[in-house]
Amino acid sequence: MSREFAIEARGLTKRFGDLVAVSRLDLDVPRGQIYGFLGPNGSGKSTTIRLLCGLLMPSGGSAVVLDTEVPGDARLLKPRIGYMTQKFSLFGDMTVLENLQFIAEIYSYPARERGKRIEELLERYNLRDQRKQLAGTMSGGQKQRLALACAVLHKPELLLLDEPTSAVDPQSRRDFWAALFRLAEAGTTILVSTHYMDEAERCHRLAILDRGVKVADGTPTELQARTGMHVVEVKSSDPYHAQKVIAGIPAVASVTQLGVRLRVLIPDTFSDPAGLVKDALRAAELDTRVELSTATLEDVFVAVTLKPQSKAA
Amino acid sequence: MKSLSRIFAVLRKEVRQLRRDRLTFGMVVGLPIMQMLLFGYAINTDVRHLGAAVTDQAETHLSRQFIAELAQTQVIDITQRVATPQELETLLRQGSISIGVYLPHDFDRRILDTTRAAAHLLVDGSDPTILGVANQLRALPFSFDARNSVRSAPEVIEIRPYYNPERRTPVNIVPGLMGVILTMTMILFTAVAIVRERERGNLELLINTPVSSLELMIGKVVPYILIGMVQLALILGVGRLLFDVPVRGSIVDLYLAASAFIAANLSLGLVISTAARTQFQATQMTVFILLPSILLSGFMFPFEGMPELAQWLGEVLPNTHFIRLTRGIMLRDASLGELRGDVGYLVGFTIVAMTAAALRFTKRLD
């Protein structure tokens, strides 16, 4: 009966006045996987998530979430979805325990098992010592763990996370992702938006959004394999000067500086990318080392988000 | 069943948060008491001790006696004596007196002459209340030593003040003040309670839970109904103890009327909360409703005295109807049945506003 995908969206569009926040988005999110939305701020990640959980009405297109039409009877869907907002949205003037109790009550979690479930969550998300603490006085990492605990309390089939790690330190981020993998292993489908490359790399699949448009999707390896770009890495003692020279080569799509290294993207229609760069640098009498490299997710991101700009230019 | 438990979940949460919010909690109790004390003592339409100056150009036994009798009324306090009416005018313009008493040279002769006024009162007419008081002074009976002539106009009309024979202002003010205080706290509390959740982001979380907008609204409103009841009891208590304001009608009727009024205000607060984006906006909108609720509801000025358009506006405000109810029940011993028009309006208002709020609320995040 149930479909293969937890989320299927076709032509999903959202306009706010003249601004097109999400434009004709097609999406297939397999069950039990972690699916990532990668994109800069304002690329439509939050809007898409809000459309999928029925918080916003789409201006066009449709979606089927957990075999339920969206927008449709959201009341049937809500008990099956967990949602973690970008901004901390629990009650800062209530304790950790009170927040969890409130969520349990609002989701009508069976009263007899409520206490056990809350203890389990306090234990798993390392909040036992904070149970009497007001949520508003906790650290970023603690708040985030509480938010996740509240989002999964009612054991949802689908978890929507809107930039969950934007306000926490690297260690908390690692722990958080460990928790996500655990949930996915238990069968939860997770949709997570992020603007961190390393997080995107951990997803089973991901979609890259740019100004409301999905510019690429697939597994991280697939995406790296089909950038349509050669990646040339240049090491130079004078990267600033070298960057200027390389940017002047007509074939070059983009140059990004990473410390003393420069990552140069050249469309794969050119046969000898390294030679092109070498010749240009030799002509400028710069001491450099040039070699071919493989695309990282960051290169993929730069490549796919650059396309509209180069067309415009 | 699930619906009821969700309402209770919201209710419990609301009470918990309220308990931690000391300032709001203090306002629940402090605000009505403070306003009662302040306005109960301060607002007085029975004006006394108006500053006055006298110009007595007659300087006779009779004129001095007249001035003494004026002073005895305690309506005016004679603070200065000046030589000419021009000086009286100057004092009036400076605002140092409200009434100037001028007795001309021929005061004694004039007082026997029924066709001419004997004394002049120069009144600061910029305040109609003072003018009204001056009119009272005109009706003052004046007893002469010389009994030969008494200027006595036969009384055509005799006034019998019902319900408040001593003309004490608090008796009139307190029932109205109840409406004003409840309007302010009830609308403000609910309006801010929901806007605050939107500002803090809590609403985005709540919308994504199975709680429906109606359940959320009921859960949020019920604690404030109870608060309204507590405030009502406080106001009645203070009114009784300090100002001796009676409750002549049934206290049950009064509480029923108040329930309808509180419900109307809370629904109005909810409507505001769906329109306002920040707490600041919600506060402004509350003030926007509060001012006409004070000025056009019959609390400050008699309703019938207002132009028709203002009366229409006044009829829309819940406070107008509540003030009629409280004055009716507390002072005139009227029953709810006799005042059913006003009760009906409040119930109808609640239904319309509540529906509007619930409809608007569901569409929000878009």
# chains A, B, ... in the order shown; residues from 1 in each chain; ligands from 1

$ residues_around --residues "Val101 (chain B)" --least-positions-apart "5" --cutoff "12 Å" --atoms "only C-alpha atoms" --output "PyMOL selection string"
chain B and resi 51-57+63+66-68+70-71+76-89+91-92+118-124+134+137-138

$ write_last_selection --atoms "N, CA and C atoms" --output "mmCIF file, in the first residue's frame"
data_model
loop_
_atom_site.group_PDB
_atom_site.id
_atom_site.type_symbol
_atom_site.label_atom_id
_atom_site.label_comp_id
_atom_site.auth_asym_id
_atom_site.auth_seq_id
_atom_site.Cartn_x
_atom_site.Cartn_y
_atom_site.Cartn_z
ATOM 1 N N GLY B 51 -10.772 77.356 43.866
ATOM 2 C CA GLY B 51 -10.062 78.586 44.219
ATOM 3 C C GLY B 51 -10.853 79.800 43.745
ATOM 4 N N ALA B 52 -11.004 80.783 44.633
ATOM 5 C CA ALA B 52 -11.793 81.948 44.258
ATOM 6 C C ALA B 52 -11.168 83.226 44.810
ATOM 7 N N ALA B 53 -11.478 84.340 44.159
ATOM 8 C CA ALA B 53 -11.068 85.644 44.658
ATOM 9 C C ALA B 53 -12.301 86.550 44.712
ATOM 10 N N VAL B 54 -12.253 87.541 45.598
ATOM 11 C CA VAL B 54 -13.417 88.398 45.802
ATOM 12 C C VAL B 54 -13.042 89.862 45.584
ATOM 13 N N THR B 55 -13.912 90.570 44.908
ATOM 14 C CA THR B 55 -13.817 92.027 44.859
ATOM 15 C C THR B 55 -15.089 92.579 45.496
ATOM 16 N N ASP B 56 -14.935 93.105 46.682
ATOM 17 C CA ASP B 56 -16.106 93.640 47.384
ATOM 18 C C ASP B 56 -16.018 95.153 47.367
ATOM 19 N N GLN B 57 -16.733 95.798 46.424
ATOM 20 C CA GLN B 57 -16.666 97.256 46.336
ATOM 21 C C GLN B 57 -17.735 97.904 47.200
ATOM 22 N N SER B 63 -22.823 92.774 52.419
ATOM 23 C CA SER B 63 -21.906 92.162 51.459
ATOM 24 C C SER B 63 -20.951 91.206 52.159
ATOM 25 N N PHE B 66 -22.735 88.078 52.889
ATOM 26 C CA PHE B 66 -22.933 87.287 51.678
ATOM 27 C C PHE B 66 -21.678 86.471 51.353
ATOM 28 N N ILE B 67 -20.528 87.140 51.464
ATOM 29 C CA ILE B 67 -19.267 86.453 51.166
ATOM 30 C C ILE B 67 -19.033 85.319 52.155
ATOM 31 N N ALA B 68 -19.340 85.581 53.404
ATOM 32 C CA ALA B 68 -19.161 84.551 54.425
ATOM 33 C C ALA B 68 -20.023 83.337 54.124
ATOM 34 N N LEU B 70 -21.118 82.399 51.174
ATOM 35 C CA LEU B 70 -20.546 81.714 50.012
ATOM 36 C C LEU B 70 -19.417 80.780 50.453
ATOM 37 N N ALA B 71 -18.568 81.310 51.337
ATOM 38 C CA ALA B 71 -17.418 80.528 51.790
ATOM 39 C C ALA B 71 -17.872 79.307 52.579
ATOM 40 N N ILE B 76 -16.440 77.023 47.245
ATOM 41 C CA ILE B 76 -15.283 77.831 46.872
ATOM 42 C C ILE B 76 -14.441 78.133 48.100
ATOM 43 N N ASP B 77 -13.138 78.236 47.847
ATOM 44 C CA ASP B 77 -12.205 78.687 48.885
ATOM 45 C C ASP B 77 -11.725 80.066 48.474
ATOM 46 N N ILE B 78 -12.050 81.070 49.311
ATOM 47 C CA ILE B 78 -11.633 82.422 48.948
ATOM 48 C C ILE B 78 -10.193 82.613 49.377
ATOM 49 N N THR B 79 -9.337 82.796 48.384
ATOM 50 C CA THR B 79 -7.908 82.878 48.682
ATOM 51 C C THR B 79 -7.381 84.299 48.573
ATOM 52 N N GLN B 80 -8.052 85.126 47.787
ATOM 53 C CA GLN B 80 -7.520 86.470 47.594
ATOM 54 C C GLN B 80 -8.640 87.494 47.577
ATOM 55 N N ARG B 81 -8.275 88.710 47.920
ATOM 56 C CA ARG B 81 -9.211 89.824 47.769
ATOM 57 C C ARG B 81 -8.535 90.869 46.913
ATOM 58 N N VAL B 82 -9.216 91.315 45.867
ATOM 59 C CA VAL B 82 -8.630 92.338 45.003
ATOM 60 C C VAL B 82 -9.615 93.489 44.853
ATOM 61 N N ALA B 83 -9.097 94.632 44.343
ATOM 62 C CA ALA B 83 -9.889 95.854 44.362
ATOM 63 C C ALA B 83 -10.843 95.973 43.179
ATOM 64 N N THR B 84 -10.444 95.468 42.002
ATOM 65 C CA THR B 84 -11.260 95.716 40.810
ATOM 66 C C THR B 84 -11.601 94.413 40.092
ATOM 67 N N PRO B 85 -12.720 94.459 39.329
ATOM 68 C CA PRO B 85 -13.062 93.266 38.523
ATOM 69 C C PRO B 85 -11.999 92.953 37.474
ATOM 70 N N GLN B 86 -11.245 93.967 37.015
ATOM 71 C CA GLN B 86 -10.179 93.724 36.041
ATOM 72 C C GLN B 86 -9.118 92.793 36.628
ATOM 73 N N GLU B 87 -8.842 93.013 37.921
ATOM 74 C CA GLU B 87 -7.858 92.147 38.564
ATOM 75 C C GLU B 87 -8.382 90.721 38.668
ATOM 76 N N LEU B 88 -9.684 90.605 38.885
ATOM 77 C CA LEU B 88 -10.293 89.267 38.905
ATOM 78 C C LEU B 88 -10.061 88.565 37.571
ATOM 79 N N GLU B 89 -10.266 89.331 36.488
ATOM 80 C CA GLU B 89 -10.085 88.750 35.159
ATOM 81 C C GLU B 89 -8.654 88.283 34.953
ATOM 82 N N LEU B 91 -6.523 87.310 37.254
ATOM 83 C CA LEU B 91 -6.307 86.083 38.037
ATOM 84 C C LEU B 91 -6.916 84.869 37.333
ATOM 85 N N LEU B 92 -8.093 85.095 36.750
ATOM 86 C CA LEU B 92 -8.791 84.017 36.050
ATOM 87 C C LEU B 92 -7.949 83.533 34.868
ATOM 88 N N ALA B 118 -27.505 90.945 41.832
ATOM 89 C CA ALA B 118 -26.769 91.671 42.859
ATOM 90 C C ALA B 118 -25.278 91.438 42.752
ATOM 91 N N ALA B 119 -24.889 90.202 42.534
ATOM 92 C CA ALA B 119 -23.464 89.879 42.473
ATOM 93 C C ALA B 119 -23.151 89.205 41.144
ATOM 94 N N HIS B 120 -21.871 89.278 40.761
ATOM 95 C CA HIS B 120 -21.440 88.595 39.541
ATOM 96 C C HIS B 120 -20.446 87.506 39.890
ATOM 97 N N LEU B 121 -20.600 86.369 39.241
ATOM 98 C CA LEU B 121 -19.588 85.324 39.358
ATOM 99 C C LEU B 121 -18.850 85.271 38.032
ATOM 100 N N LEU B 122 -17.548 85.505 38.069
ATOM 101 C CA LEU B 122 -16.736 85.368 36.861
ATOM 102 C C LEU B 122 -16.185 83.945 36.877
ATOM 103 N N VAL B 123 -16.642 83.135 35.910
ATOM 104 C CA VAL B 123 -16.339 81.706 35.980
ATOM 105 C C VAL B 123 -15.414 81.289 34.856
ATOM 106 N N ASP B 124 -14.455 80.436 35.192
ATOM 107 C CA ASP B 124 -13.601 79.832 34.167
ATOM 108 C C ASP B 124 -14.441 78.790 33.419
ATOM 109 N N ALA B 134 -20.901 76.589 39.376
ATOM 110 C CA ALA B 134 -21.293 77.988 39.516
ATOM 111 C C ALA B 134 -22.816 78.120 39.475
ATOM 112 N N LEU B 137 -24.224 77.457 42.772
ATOM 113 C CA LEU B 137 -24.081 78.599 43.680
ATOM 114 C C LEU B 137 -25.213 79.602 43.468
ATOM 115 N N ARG B 138 -25.662 79.697 42.207
ATOM 116 C CA ARG B 138 -26.700 80.671 41.906
ATOM 117 C C ARG B 138 -27.998 80.331 42.640
#

$ interface_residues --of "chain B" --to "chain A" --cutoff "8 Å" --atoms "only C-alpha atoms" --output "VMD selection string"
chain B and resid 2 5 to 6 9 to 10 13 16 to 17 20 200 to 205 207 to 211 365 to 366

$ write_last_selection --atoms "N, CA and C atoms" --output "CSV table (one decimal), in the first residue's frame"
chain,number,residue,atom,x,y,z
B,2,LYS,N,-9.2,13.2,23.5
B,2,LYS,CA,-7.8,13.7,23.2
B,2,LYS,C,-7.8,15.2,23.1
B,5,SER,N,-7.8,16.7,26.6
B,5,SER,CA,-6.5,16.6,27.3
B,5,SER,C,-5.5,17.5,26.6
B,6,ARG,N,-5.6,17.9,25.4
B,6,ARG,CA,-4.8,18.9,24.7
B,6,ARG,C,-5.1,20.2,25.3
B,9,ALA,N,-3.5,20.5,28.5
B,9,ALA,CA,-2.0,20.6,28.4
B,9,ALA,C,-1.6,22.1,28.2
B,10,VAL,N,-2.4,22.7,27.3
B,10,VAL,CA,-2.1,24.2,27.1
B,10,VAL,C,-2.4,25.0,28.3
B,13,LYS,N,0.3,24.6,30.9
B,13,LYS,CA,1.5,25.3,30.5
B,13,LYS,C,1.3,26.8,30.8
B,16,ARG,N,1.7,27.6,34.4
B,16,ARG,CA,3.1,27.4,34.8
B,16,ARG,C,3.9,28.7,34.4
B,17,GLN,N,3.7,29.1,33.2
B,17,GLN,CA,4.4,30.3,32.7
B,17,GLN,C,4.0,31.6,33.5
B,20,ARG,N,5.6,31.9,36.8
B,20,ARG,CA,7.0,32.3,36.8
B,20,ARG,C,7.1,33.8,36.4
B,200,ARG,N,8.6,34.7,20.2
B,200,ARG,CA,9.6,33.8,20.7
B,200,ARG,C,9.8,32.5,19.8
B,201,GLY,N,8.9,32.4,18.8
B,201,GLY,CA,9.0,31.2,18.0
B,201,GLY,C,8.2,30.0,18.4
B,202,ASN,N,7.6,30.1,19.6
B,202,ASN,CA,6.8,28.9,20.2
B,202,ASN,C,5.7,28.5,19.3
B,203,LEU,N,5.1,29.5,18.6
B,203,LEU,CA,3.9,29.2,17.8
B,203,LEU,C,4.3,28.3,16.6
B,204,GLU,N,5.4,28.4,16.1
B,204,GLU,CA,5.8,27.5,15.0
B,204,GLU,C,5.8,26.1,15.4
B,205,LEU,N,6.3,25.9,16.6
B,205,LEU,CA,6.3,24.6,17.2
B,205,LEU,C,4.9,24.1,17.5
B,207,ILE,N,2.0,25.0,16.1
B,207,ILE,CA,1.3,24.8,14.9
B,207,ILE,C,1.6,23.4,14.3
B,208,ASN,N,2.8,22.9,14.6
B,208,ASN,CA,3.2,21.6,14.0
B,208,ASN,C,2.8,20.4,14.9
B,209,THR,N,2.1,20.7,16.0
B,209,THR,CA,1.7,19.6,16.9
B,209,THR,C,0.2,19.4,16.6
B,210,PRO,N,-0.4,18.3,17.0
B,210,PRO,CA,-1.8,18.0,16.7
B,210,PRO,C,-2.8,19.0,17.3
B,211,VAL,N,-2.3,19.9,18.2
B,211,VAL,CA,-3.3,20.8,18.8
B,211,VAL,C,-3.9,21.7,17.8
B,365,LEU,N,0.7,31.4,9.4
B,365,LEU,CA,2.1,31.4,9.0
B,365,LEU,C,2.4,31.8,7.5
B,366,ASP,N,1.3,31.8,6.8
B,366,ASP,CA,1.5,32.1,5.3
B,366,ASP,C,1.8,33.5,5.1

$ atom_distance --atom1 "CA of Val28 (chain B)" --atom2 "CA of Ala358 (chain B)"
25.9 Å

$ residues_around --residues "Ser172 (chain A)" --least-positions-apart "5" --cutoff "12 Å" --atoms "only C-alpha atoms" --output "JSON, numbers by chain"
{"A": [125, 126, 139, 140, 141, 142, 143, 144, 145, 164, 165, 166, 167, 177, 178, 179]}

$ residues_around --residues "Ala216 (chain A)" --least-positions-apart "4" --cutoff "8 Å" --atoms "only C-alpha atoms" --output "list in words"
Ala207, Ile208, Leu209, Leu223 and Val304 of chain A

$ residues_around --residues "Gly298 (chain B)" --least-positions-apart "2" --cutoff "12 Å" --atoms "only C-alpha atoms" --output "ChimeraX atom specification"
/B:172-173,175-177,179-180,292-296,300-306,310-311,313-315,317-327

$ closest_residue --among "A:Leu100, A:Val215, A:Val255, A:Leu183" --to "Thr305 (chain A)" --atoms "only C-alpha atoms"
A:Val215

$ residues_around --residues "region 39-42 of chain B" --least-positions-apart "2" --cutoff "9 Å" --atoms "only C-alpha atoms" --output "list in words"
Met34, Gln35, Met36, Leu37, Asn44, Thr169, Pro170, Ile173, Val174, Leu177, Gly239, Leu242 and Phe243 of chain B

$ write_last_selection --atoms "C-alpha atoms" --output "PDB file, in the first residue's frame"
ATOM      1  CA  MET B  34      -4.088  50.469  42.593  1.00  0.00           C
ATOM      2  CA  GLN B  35      -6.535  51.768  40.028  1.00  0.00           C
ATOM      3  CA  MET B  36      -9.402  51.469  42.444  1.00  0.00           C
ATOM      4  CA  LEU B  37      -7.574  53.444  45.104  1.00  0.00           C
ATOM      5  CA  ASN B  44     -14.929  63.321  41.904  1.00  0.00           C
ATOM      6  CA  THR B 169     -19.107  59.779  43.032  1.00  0.00           C
ATOM      7  CA  PRO B 170     -17.537  56.377  43.904  1.00  0.00           C
ATOM      8  CA  ILE B 173     -17.415  55.316  39.347  1.00  0.00           C
ATOM      9  CA  VAL B 174     -16.718  51.888  40.858  1.00  0.00           C
ATOM     10  CA  LEU B 177     -14.218  51.223  36.767  1.00  0.00           C
ATOM     11  CA  GLY B 239     -15.294  49.159  46.544  1.00  0.00           C
ATOM     12  CA  LEU B 242     -13.231  51.727  51.201  1.00  0.00           C
ATOM     13  CA  PHE B 243     -15.964  53.410  49.235  1.00  0.00           C
TER      14      PHE B 243
END

$ residues_around --residues "region 158-166 of chain B" --least-positions-apart "5" --cutoff "10 Å" --atoms "only C-alpha atoms" --output "VMD selection string"
chain B and resid 171 to 172 245 to 246 248 327 330 to 333

$ select_by_dssp --residues "region 38-277 of chain A" --states "alpha helix (DSSP H)" --output "MDAnalysis selection string"
chainID A and resid 45:52 74:77 96:106 111:124 140:152 170:185 197:202 220:225 239:247 273:277

$ atom_distance --atom1 "CA of Val65 (chain A)" --atom2 "CA of Phe5 (chain A)"
8.4 Å

$ select_by_dssp --residues "region 71-121 of chain B" --states "strand (DSSP E or B)" --output "compact mmCIF listing (two decimals) with C-alpha atoms, in the first residue's frame"
# COMPACT_ATOMS: atom_id res chain seq x y z
CA ILE B 76 -15.28 77.83 46.87
CA ASP B 77 -12.21 78.69 48.89
CA ILE B 78 -11.63 82.42 48.95
CA THR B 79 -7.91 82.88 48.68
CA GLN B 80 -7.52 86.47 47.59
CA ARG B 81 -9.21 89.82 47.77
CA ILE B 99 -14.21 81.69 40.15
CA GLY B 100 -14.20 85.42 40.76
CA VAL B 101 -16.88 86.98 42.95
CA TYR B 102 -17.68 90.60 42.19
CA LEU B 103 -19.92 92.69 44.44
CA HIS B 120 -21.44 88.59 39.54
CA LEU B 121 -19.59 85.32 39.36

$ atom_distance --atom1 "CA of Phe288 (chain B)" --atom2 "CA of Gly269 (chain B)"
12.1 Å
